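Structure first, commentary second.
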Amino acid sequence: MTFRFFAIACLCATAPAGEPSPWVVVQDSHFEVYSQSEAAARDALGRLERLRVLAERQTGWSAPAAHRVRVIGFRSEDEYAAYRPRAVSDGYYAGSQSRDYIALPGLGAEHGSALAHEYAHALLHSSGLNPPTWFNEGFAEVFADAAGASPGADRGDVAARLQLLRRRPWLPLAEIVSLPADSPLFENRESAEMIYAETWALTEMLFRAPGYAPRFGGLLASIGAGAEGGRRSKRRTASRWRRSRAMCAPGSAGGPARQLRPMPCRLWSLPPRRGR
Ligand SMILES: [Zn+2]
C-alpha cells in the first residue's frame with residue numbers, strides 16, 4: 001500500500017508562528033483523511049484500514065469501491081461545532097451515490113469509537129440494505145465494539161451503555177423500531193444516549209441470543225427487501241425485549257451485563273453485498 005501526502009493549501013508550506021497549520025490529506029486506495037496534523041491523519045488512516053479489514057473479514061462487506069471514503073478530522077470540538085448537524089453529534093456520516101463523508105472533532109484515540117461507528121454507516125450505505133434507523137445505529141454501535149476488541153483499537157463503551165439501561169426508563173420498543181432518522185429525540189443528549197444504548201442492546205440481542213442469532217441473516221435479508229421481518233418475528237422480538245428490560249432493571253443480576261465478554265471472531269454471516 002502506498003500513501004501519498006500533500007498539503008491542500010500549499011505544498012510543503014510552513015505556517016507562520018501563531019497561524020493554524022495548513023490542512024493536509026493522507027490517502028490510499030480506500031480513504032482520504034483530512035487533518036491539520038499529518039501524524040494524526042496517518043494514524044487515522046492506519047486505523048481505518050484495520051476497520052476495513054475487520055469489516056470485510058467478519059461481515060463480507062467492503063468499503064465503497066467506486067470512491068474513497070473522505071474523513072475530515074477537526075482540531076477541536078470548537079472547530080467541529082460549526083459543522084455538526086446536531087448539537088449532540090460527536091461525529092457524523094453523510095453519504096451519496098458519489099461520495100461518503102465522515103466528520104469528527106478529532107482523530108485521536110479518544111475518537112476511535114466514533115470513527116468506527118461512522119465507518120459502519122458507510123459500510124451499511126455501501127451494502128445497499130437501506131436499513132431502518134434503529135438498525136443503522138445499533139449496527140454502528142455493535143461494530144464499534146467489535147473494532148474495539150481488535151488489536152490497535154480502543155474499546156467501545158459497553159459499560160456506560162449498560163449503566164444507562166439500568167438507570168433510566170427505556171423508550172418503548174415500538175418507538176425505537178419506528179424512529180425516523182430526523183427524530184427530535186436525537187437533538188437531546190439524554191434521549192439520544194438512550195436511543196444508542198437501546199438500539200445497541202436490540203441489535204446485540206438479535207444476532208447473539210440463541211433464539212435469534214441463527215435467523216439474523218434472514219432478518220437482514222428482510223431489511224434489504226424492505227420488510228421488517230414479519231409479524232411473527234416482531235411478536236417474538238417484543239416478548240424477548242420485555243424480558244431483557246426486566247432483567248436490566250436496577251438490582252437485577254442478569255441481563256445484558258453478561259454480554260460484556262469480547263465479541264467473537266466472526267460477528268455473523270451477512271447476505272452478499274448488493275449494488276448501491
Ligand atoms: Zn450513527
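Residues in the C-alpha cells are numbered from 1 in each chain, the chains being A, B, ... in the order shown, and ligands are numbered from 1 in the order shown.
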Worksheet item: ligand 1: which residues are within 9 Å, counting only C-alpha atoms and all ligand atoms, as an NGL selection string?
Response: :A and (89 or 91-93 or 114 or 117-118 or 120-121 or 133 or 136-141 or 196)
Show me a table, sorted first by chain and then by increasing residue number, of the residues of range 12-52 of chain A having an atom at most 9 Å from range 57-70 of chain A, each with its shortest atom pair and the distance in Å to one decimal, counting only C-alpha atoms and written as CSV.
```
residue,atom,partner,partner_atom,distance
A:Gln27,CA,A:Arg68,CA,8.4
A:Asp28,CA,A:Arg68,CA,8.1
A:Ser29,CA,A:Arg68,CA,6.6
A:His30,CA,A:Arg68,CA,4.6
A:Phe31,CA,A:Arg68,CA,4.6
A:Glu32,CA,A:Arg70,CA,5.0
A:Val33,CA,A:Arg70,CA,6.1
A:Tyr34,CA,A:Arg70,CA,7.7
A:Arg52,CA,A:Ala63,CA,6.5
```
Please produce an output containing N, CA and C atoms for each residue in the selection, written as a PDB file, in the first residue's frame.
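Here's the written file again.pdb:
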```pdb
ATOM      1  N   GLN A  27      -3.864   9.689   2.020  1.00  0.00           N
ATOM      2  CA  GLN A  27      -4.829   8.825   1.347  1.00  0.00           C
ATOM      3  C   GLN A  27      -4.194   7.534   0.847  1.00  0.00           C
ATOM      4  N   ASP A  28      -5.039   6.550   0.682  1.00  0.00           N
ATOM      5  CA  ASP A  28      -4.664   5.328  -0.026  1.00  0.00           C
ATOM      6  C   ASP A  28      -5.810   5.011  -0.983  1.00  0.00           C
ATOM      7  N   SER A  29      -5.944   3.787  -1.392  1.00  0.00           N
ATOM      8  CA  SER A  29      -6.967   3.498  -2.400  1.00  0.00           C
ATOM      9  C   SER A  29      -8.386   3.449  -1.825  1.00  0.00           C
ATOM     10  N   HIS A  30      -8.541   3.457  -0.480  1.00  0.00           N
ATOM     11  CA  HIS A  30      -9.870   3.350   0.131  1.00  0.00           C
ATOM     12  C   HIS A  30     -10.325   4.610   0.862  1.00  0.00           C
ATOM     13  N   PHE A  31      -9.383   5.379   1.383  1.00  0.00           N
ATOM     14  CA  PHE A  31      -9.734   6.512   2.233  1.00  0.00           C
ATOM     15  C   PHE A  31      -8.898   7.734   1.870  1.00  0.00           C
ATOM     16  N   GLU A  32      -9.461   8.910   2.159  1.00  0.00           N
ATOM     17  CA  GLU A  32      -8.647  10.123   2.174  1.00  0.00           C
ATOM     18  C   GLU A  32      -8.974  10.854   3.470  1.00  0.00           C
ATOM     19  N   VAL A  33      -7.939  11.129   4.254  1.00  0.00           N
ATOM     20  CA  VAL A  33      -8.112  11.683   5.591  1.00  0.00           C
ATOM     21  C   VAL A  33      -7.561  13.099   5.620  1.00  0.00           C
ATOM     22  N   TYR A  34      -8.419  14.052   5.945  1.00  0.00           N
ATOM     23  CA  TYR A  34      -8.028  15.461   6.012  1.00  0.00           C
ATOM     24  C   TYR A  34      -7.827  15.848   7.467  1.00  0.00           C
ATOM     25  N   ARG A  52     -11.472  -1.551   7.946  1.00  0.00           N
ATOM     26  CA  ARG A  52     -11.901  -2.095   6.645  1.00  0.00           C
ATOM     27  C   ARG A  52     -11.639  -3.597   6.586  1.00  0.00           C
TER      28      ARG A  52
END
```
Worksheet item: What does the distance between CA of Ala181 in chain A and CA of Trp200 in chain A come to in Å, to one decimal place?
Response: 15.7 Å
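The coordinates place CA of Glu49 in chain A at 12.8 Å from CA of Gly112 in chain A.
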Discussion item. Please list as a list in words every residue within 9 Å of Asp43 in chain A, counting only C-alpha atoms and excluding residues in the same chain fewer than 5 positions away.
Written reply: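 Here the answer would be Glu38, Leu48, Leu107 and Gly108 of chain A.
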Write a file of the selected residues as a PDB file, in the first residue's frame, keeping N, CA and C atoms.
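And here is the file that came out, again_35.pdb:
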```
ATOM      1  N   GLU A  38      -0.432  15.980  10.099  1.00  0.00           N
ATOM      2  CA  GLU A  38      -0.124  14.858   9.215  1.00  0.00           C
ATOM      3  C   GLU A  38       0.006  13.564   9.999  1.00  0.00           C
ATOM      4  N   LEU A  48      -8.353   3.178  10.042  1.00  0.00           N
ATOM      5  CA  LEU A  48      -9.412   2.929   9.059  1.00  0.00           C
ATOM      6  C   LEU A  48      -9.134   1.669   8.257  1.00  0.00           C
ATOM      7  N   LEU A 107      -8.983  13.235  15.531  1.00  0.00           N
ATOM      8  CA  LEU A 107      -8.630  11.908  15.014  1.00  0.00           C
ATOM      9  C   LEU A 107      -7.862  11.089  16.050  1.00  0.00           C
ATOM     10  N   GLY A 108      -7.782  11.581  17.288  1.00  0.00           N
ATOM     11  CA  GLY A 108      -7.048  10.860  18.331  1.00  0.00           C
ATOM     12  C   GLY A 108      -7.763   9.585  18.747  1.00  0.00           C
TER      13      GLY A 108
END
```
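Minimum distance to Phe143 in chain A across A:Leu54, A:Leu220, A:Ala192, A:Leu171 (counting only C-alpha atoms) occurs at A:Leu54.
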Worksheet item: Any idea what the distance is between CA of Pro184 in chain A and CA of Tyr83 in chain A?
Response: 18.5 Å
Worksheet entry | Members of range 68-226 of chain A assigned alpha helix (DSSP H) by DSSP, as an NGL selection string | :A and (77-81 or 112-127 or 133-148 or 158-167 or 173-177 or 189-208 or 216-224)
